[in-house]
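Single-structure report; data block below.
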Amino acid sequence: MGRVQRRRKWKWRKRSIKEDGDSICIQLVQWLGEQKCILPSNIQWAYFSGTGRGLYTTMYLPEGSFLIRLPKHIMITIHTVMQSGIGSWFLNASEVESFSNQQILAAFLIWERHLGLDSRWAAYINSLPENYTTPLTMSKREKALLPKYIHDGVQEQEQTVLESYKLVITVIKKFSLCKHCGKLLLTDIFTFHSFLWAWNTVNTRAVYVKPTVSVVRLRGENTLALAPFLDLFNHSCYVNTRVEETDESYSLFSSDACPSNSQVFISYGPHANYKLYIEYGFVVSNNPHDVVPVTVEQIDKVMNSVHAVPSVTFSKARNKLIKNNRLNENLCFSNEGPSFTLQAYIFVREVRDFDKKVLQQKIFTCEFTNVEKEVINSVVIRLLCDKIAKYQQQLDIMLQPNQCSESFSVAKILVYNHLQLLEKVHRNIFV
Ligand SMILES: [Zn+2]
């Protein structure tokens, strides 16, 4: 859901997003009214500098305030798709083992957009952004400039979308000509470009609802829904949101107070910037949940560079202890410093005398003596210096292109924020 949220001053100005922005908004609200959906009069649509479209409140909202309630029949789910003109495509695809929630909702959006004003959802579909800032929208040249840890995530996402698209094409090819206009081939409507738009729409705007039974075979639970109007709330990592869901409605409550005439934010979850960027295409400066990932290879490389005997020759017992206690997972730096597993991983590899019982106890209690902390910190400092130098180099490379997409600009902010976090951790070690 939502768009860019960098923590700038929460200034807002009410102006049209594009020339017909206001009429699109009026049409959406009118349509929701026709669907017996009552929107709170104090919540209004506006354009905010820094975050783009969002919702603001015209009156002070105390903690725990009710924000919005959507009747379930206004939400687009797998059930909605199965009752639509394209439901049978998926129901009759007996050769396909299963579909994903996202894949079906994306196909639905493409179809309904093609129907234009004949679509029941026209007012909602018209209100959707035409472009997104997720890494999927970046050019090949830009992707090649990304640091490996971001590049890998983008590539994985791309692969998922491509496979998902291919499956949809396999299904619709059987029907060939569009039954709505009778002119276009379905493959000309369901292009990869339109699928990318639809996929981004679902990925950035869908909400999780209670799982329900699906008539079509799904990979995973049936838990995604598109929520008209409600999906205009932008994310902040400084607020909490409570959801109340019944069989008939989906409601949001803000756990934090909100001043009048200011943007109302909700929380998409305590996500690190990497996840926010890959999934939603934005990052939050000073994100308290942010982490910089570290790989086992990076640690081993730093450790091997100072040891006469490479640490990879350490006994099988040490490696077993690491794996059994999952010390090779969640390796990262956060605002609090190196994660516990990062410290424990270094310690198990670095400690001279291998005593399984003692080490097991340390891992269990999460406590190190001052001497042990020094041993760990000496590696942590080398690791930090190595990463800071690399991130600086990568940022210099990323700053080279004069012109770039919005998504690539966000990637630069992501790397810059990570560099700042690493420098902060480095400073704090010496405090
Ligand atoms: Zn058509």
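Labels used: A, B, ... for chains in the order of the structure tokens, numbers from 1 for residues in each chain, and numbers from 1 for ligands as shown.
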What are the closest atom pairs, with distances in Å to one decimal, for each residue of chain A lying within 8 Å of ligand 1, using only C-alpha atoms and all ligand atoms, rows by chain and rising residue number, as a Markdown table?
```
| residue | atom | partner | partner_atom_place_in_ligand_line | distance |
| --- | --- | --- | --- | --- |
| A:His114 | CA | ligand 1 | 1 (Zn) | 6.4 |
| A:Leu115 | CA | ligand 1 | 1 (Zn) | 6.9 |
| A:Leu177 | CA | ligand 1 | 1 (Zn) | 7.8 |
| A:Cys178 | CA | ligand 1 | 1 (Zn) | 4.5 |
| A:Lys179 | CA | ligand 1 | 1 (Zn) | 6.2 |
| A:His180 | CA | ligand 1 | 1 (Zn) | 4.5 |
| A:Cys181 | CA | ligand 1 | 1 (Zn) | 3.7 |
| A:Gly182 | CA | ligand 1 | 1 (Zn) | 5.8 |
| A:Lys183 | CA | ligand 1 | 1 (Zn) | 6.2 |
| A:Leu184 | CA | ligand 1 | 1 (Zn) | 5.4 |
| A:Leu185 | CA | ligand 1 | 1 (Zn) | 7.6 |
| A:Leu186 | CA | ligand 1 | 1 (Zn) | 7.4 |
| A:Ile189 | CA | ligand 1 | 1 (Zn) | 7.5 |
```
What residues in region 226-362 of chain A get the DSSP label helix (DSSP H, G or I)? Please answer as JSON, numbers by chain. {"A": [230, 231, 232, 273, 274, 275, 276, 277, 278, 279, 280, 296, 297, 298, 299, 300, 301, 302, 303, 304, 305, 306, 311, 312, 313, 316, 317, 318, 319, 320, 321, 322, 323, 324, 340, 341, 342, 343, 344, 345, 346, 347, 348, 349, 350, 356, 357, 358, 359, 360, 361, 362]}
Please report the interatomic distance between CA of Val29 (chain A) and CA of Tyr47 (chain A) in Å with one decimal.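 Going from CA of Val29 (chain A) over to CA of Tyr47 (chain A), I get 16.1 Å.
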List as a Markdown table every residue of region 226-344 of chain A that is in contact with region 134-146 of chain A, defined as an atom at most 7 Å from one of its atoms (using only C-alpha atoms), together with the nearest atom pair and the distance in Å rounded to one decimal, sorted by chain and then rising number.
```
| residue | atom | partner | partner_atom | distance |
| --- | --- | --- | --- | --- |
| A:Tyr277 | CA | A:Thr134 | CA | 6.6 |
| A:Ile278 | CA | A:Pro135 | CA | 6.2 |
| A:Glu279 | CA | A:Thr134 | CA | 6.7 |
| A:Tyr280 | CA | A:Thr134 | CA | 5.7 |
| A:Gly281 | CA | A:Thr134 | CA | 3.7 |
```
Closest atom pairs, residues of region 92-172 of chain A within 12 Å of region 257-275 of chain A, only C-alpha atoms, as JSON lines:
```
{"residue": "A:Thr134", "atom": "CA", "partner": "A:Lys275", "partner_atom": "CA", "distance": 10.8}
{"residue": "A:Pro135", "atom": "CA", "partner": "A:Tyr274", "partner_atom": "CA", "distance": 11.0}
{"residue": "A:Tyr149", "atom": "CA", "partner": "A:Tyr274", "partner_atom": "CA", "distance": 9.4}
{"residue": "A:Ile150", "atom": "CA", "partner": "A:Tyr274", "partner_atom": "CA", "distance": 7.7}
{"residue": "A:His151", "atom": "CA", "partner": "A:Tyr274", "partner_atom": "CA", "distance": 11.2}
{"residue": "A:Asp152", "atom": "CA", "partner": "A:Tyr274", "partner_atom": "CA", "distance": 11.6}
{"residue": "A:Gly153", "atom": "CA", "partner": "A:Tyr274", "partner_atom": "CA", "distance": 9.0}
{"residue": "A:Val154", "atom": "CA", "partner": "A:Tyr274", "partner_atom": "CA", "distance": 10.6}
{"residue": "A:Gln157", "atom": "CA", "partner": "A:Lys275", "partner_atom": "CA", "distance": 11.5}
```
Write out the residues from the selection above, keeping N, CA and C atoms, as a PDB file, in the first residue's frame.
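Done, and the output landed in out-v3.pdb:
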```pdb
ATOM      1  N   THR A 134       8.799   0.699  -7.564  1.00  0.00           N
ATOM      2  CA  THR A 134       9.438  -0.536  -7.114  1.00  0.00           C
ATOM      3  C   THR A 134      10.630  -0.847  -8.033  1.00  0.00           C
ATOM      4  N   PRO A 135      11.608  -1.640  -7.557  1.00  0.00           N
ATOM      5  CA  PRO A 135      12.779  -1.937  -8.394  1.00  0.00           C
ATOM      6  C   PRO A 135      12.444  -2.637  -9.701  1.00  0.00           C
ATOM      7  N   TYR A 149      23.705  -7.110  -2.953  1.00  0.00           N
ATOM      8  CA  TYR A 149      22.637  -7.531  -2.029  1.00  0.00           C
ATOM      9  C   TYR A 149      21.275  -6.988  -2.446  1.00  0.00           C
ATOM     10  N   ILE A 150      21.245  -5.851  -3.140  1.00  0.00           N
ATOM     11  CA  ILE A 150      19.960  -5.338  -3.642  1.00  0.00           C
ATOM     12  C   ILE A 150      19.649  -6.019  -4.979  1.00  0.00           C
ATOM     13  N   HIS A 151      20.671  -6.150  -5.801  1.00  0.00           N
ATOM     14  CA  HIS A 151      20.507  -6.766  -7.124  1.00  0.00           C
ATOM     15  C   HIS A 151      19.909  -8.169  -7.005  1.00  0.00           C
ATOM     16  N   ASP A 152      20.411  -8.946  -6.044  1.00  0.00           N
ATOM     17  CA  ASP A 152      19.921 -10.320  -5.853  1.00  0.00           C
ATOM     18  C   ASP A 152      18.426 -10.338  -5.530  1.00  0.00           C
ATOM     19  N   GLY A 153      18.010  -9.430  -4.652  1.00  0.00           N
ATOM     20  CA  GLY A 153      16.595  -9.357  -4.259  1.00  0.00           C
ATOM     21  C   GLY A 153      15.715  -8.963  -5.430  1.00  0.00           C
ATOM     22  N   VAL A 154      16.200  -8.023  -6.240  1.00  0.00           N
ATOM     23  CA  VAL A 154      15.444  -7.558  -7.403  1.00  0.00           C
ATOM     24  C   VAL A 154      15.312  -8.682  -8.427  1.00  0.00           C
ATOM     25  N   GLN A 157      12.768 -11.205  -7.357  1.00  0.00           N
ATOM     26  CA  GLN A 157      11.425 -10.650  -7.556  1.00  0.00           C
ATOM     27  C   GLN A 157      11.039 -10.715  -9.042  1.00  0.00           C
TER      28      GLN A 157
END
```
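Among A:Val209, A:Val161, A:Gln30, A:Arg217, the residue with the shortest atom-to-atom distance to Phe192 (chain A), counting only C-alpha atoms, is A:Val161.
Near Ile76 (chain A), within 10 Å and counting only C-alpha atoms, sit Lys72, Thr80, Val81, Leu105, Phe108, Leu109, Trp121, Ala206, Leu224, Ala225, Leu226, Ala227 and Pro228 of chain A; same-chain residues fewer than 4 positions away were not included.
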For the residues in that selection, give me N, CA and C atoms as an mmCIF file, in the first residue's frame.
```cif
data_model
loop_
_atom_site.group_PDB
_atom_site.id
_atom_site.type_symbol
_atom_site.label_atom_id
_atom_site.label_comp_id
_atom_site.auth_asym_id
_atom_site.auth_seq_id
_atom_site.Cartn_x
_atom_site.Cartn_y
_atom_site.Cartn_z
ATOM 1 N N LYS A 72 -17.063 -5.714 3.173
ATOM 2 C CA LYS A 72 -16.275 -6.731 2.454
ATOM 3 C C LYS A 72 -16.633 -6.791 0.965
ATOM 4 N N THR A 80 -14.096 -12.530 -5.649
ATOM 5 C CA THR A 80 -14.580 -11.535 -6.625
ATOM 6 C C THR A 80 -14.170 -11.966 -8.035
ATOM 7 N N VAL A 81 -12.899 -12.373 -8.168
ATOM 8 C CA VAL A 81 -12.372 -12.741 -9.497
ATOM 9 C C VAL A 81 -13.122 -13.957 -10.044
ATOM 10 N N LEU A 105 -5.200 -11.866 -8.811
ATOM 11 C CA LEU A 105 -5.664 -10.486 -8.627
ATOM 12 C C LEU A 105 -5.065 -9.572 -9.702
ATOM 13 N N PHE A 108 -6.903 -10.047 -12.914
ATOM 14 C CA PHE A 108 -8.218 -9.399 -12.784
ATOM 15 C C PHE A 108 -8.121 -7.893 -13.073
ATOM 16 N N LEU A 109 -7.094 -7.257 -12.507
ATOM 17 C CA LEU A 109 -6.933 -5.811 -12.710
ATOM 18 C C LEU A 109 -6.729 -5.476 -14.185
ATOM 19 N N TRP A 121 -15.675 -1.904 -11.444
ATOM 20 C CA TRP A 121 -14.616 -1.329 -10.613
ATOM 21 C C TRP A 121 -13.927 -0.142 -11.284
ATOM 22 N N ALA A 206 -2.368 -4.290 -1.702
ATOM 23 C CA ALA A 206 -3.271 -5.295 -1.120
ATOM 24 C C ALA A 206 -3.084 -5.392 0.397
ATOM 25 N N LEU A 224 -5.373 -12.411 0.457
ATOM 26 C CA LEU A 224 -5.127 -11.065 -0.089
ATOM 27 C C LEU A 224 -6.413 -10.401 -0.550
ATOM 28 N N ALA A 225 -6.467 -9.077 -0.349
ATOM 29 C CA ALA A 225 -7.624 -8.320 -0.844
ATOM 30 C C ALA A 225 -7.196 -6.910 -1.224
ATOM 31 N N LEU A 226 -7.775 -6.398 -2.290
ATOM 32 C CA LEU A 226 -7.558 -4.997 -2.655
ATOM 33 C C LEU A 226 -8.667 -4.196 -1.984
ATOM 34 N N ALA A 227 -8.282 -3.083 -1.392
ATOM 35 C CA ALA A 227 -9.227 -2.324 -0.577
ATOM 36 C C ALA A 227 -9.339 -0.888 -1.083
ATOM 37 N N PRO A 228 -10.324 -0.616 -1.965
ATOM 38 C CA PRO A 228 -10.467 0.736 -2.505
ATOM 39 C C PRO A 228 -10.525 1.795 -1.401
#
```
Pick out each residue of region 82-277 of chain A that DSSP on the backbone tags as strand (DSSP E or B); I need them as a list in words.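 Of region 82-277 of chain A, the ones in strand (DSSP E or B) are Phe99, Leu177, Leu185, Val207, Tyr208, Leu218, Leu224, Ala225, Leu226, Asn234, His235, Thr241, Arg242, Val243, Glu244, Glu245, Ser249, Tyr250, Ser251, Leu252, Phe253, Ser254, Cys258, Ser262, Gln263, Phe265 and Ile266 of chain A.
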Considering only C-alpha atoms, give me a table of residues in region 238-297 of chain A that are at most 12 Å from region 372-395 of chain A, with the closest atom pair and distance in Å for each, as JSON lines.
```
{"residue": "A:Val292", "atom": "CA", "partner": "A:Lys387", "partner_atom": "CA", "distance": 9.8}
{"residue": "A:Pro293", "atom": "CA", "partner": "A:Lys387", "partner_atom": "CA", "distance": 10.3}
{"residue": "A:Val294", "atom": "CA", "partner": "A:Lys387", "partner_atom": "CA", "distance": 8.9}
{"residue": "A:Thr295", "atom": "CA", "partner": "A:Leu383", "partner_atom": "CA", "distance": 10.7}
{"residue": "A:Val296", "atom": "CA", "partner": "A:Leu383", "partner_atom": "CA", "distance": 11.2}
{"residue": "A:Glu297", "atom": "CA", "partner": "A:Leu383", "partner_atom": "CA", "distance": 11.1}
```
If you keep C-alpha atoms, can you produce a file of those selected residues as an mmCIF file, in the first residue's frame?
```cif
data_model
loop_
_atom_site.group_PDB
_atom_site.id
_atom_site.type_symbol
_atom_site.label_atom_id
_atom_site.label_comp_id
_atom_site.auth_asym_id
_atom_site.auth_seq_id
_atom_site.Cartn_x
_atom_site.Cartn_y
_atom_site.Cartn_z
ATOM 1 C CA VAL A 292 22.140 -3.912 7.056
ATOM 2 C CA PRO A 293 22.542 -7.556 6.061
ATOM 3 C CA VAL A 294 25.845 -9.398 6.433
ATOM 4 C CA THR A 295 26.695 -12.670 4.708
ATOM 5 C CA VAL A 296 28.698 -15.599 6.052
ATOM 6 C CA GLU A 297 31.108 -15.098 3.122
#
```
Fewer than 2 positions away in the same chain doesn't count, so skip those; otherwise give me all residues within 6 Å of Phe333 (chain A), counting only C-alpha atoms, as a PyMOL selection string. chain A and resi 291-292+337-339
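Neighbouring residues of region 237-252 of chain A at 6 Å or closer, counting only C-alpha atoms and skipping chain neighbours under 2 positions away, are Leu67, Ile68, Arg69, Leu70, Pro71, Lys72, Ser254, Ser255, Ile266 and Ser267 of chain A.
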Find, counting only C-alpha atoms, the residue in A:Tyr60, A:Phe368, A:Trp45, A:Trp89 that gets nearest to Leu230 (chain A).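 So, comparing all the options, the nearest one is A:Trp45.
Among the candidates A:Phe364, A:Tyr132, A:Phe347, A:Tyr124, the one nearest to Met75 (chain A) when counting only C-alpha atoms is A:Tyr124.
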What does the distance from CA of Ser98 (chain A) to CA of Pro129 (chain A) come to in Å, to one decimal?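 Value for the CA of Ser98 (chain A)-CA of Pro129 (chain A) distance: 29.1 Å.
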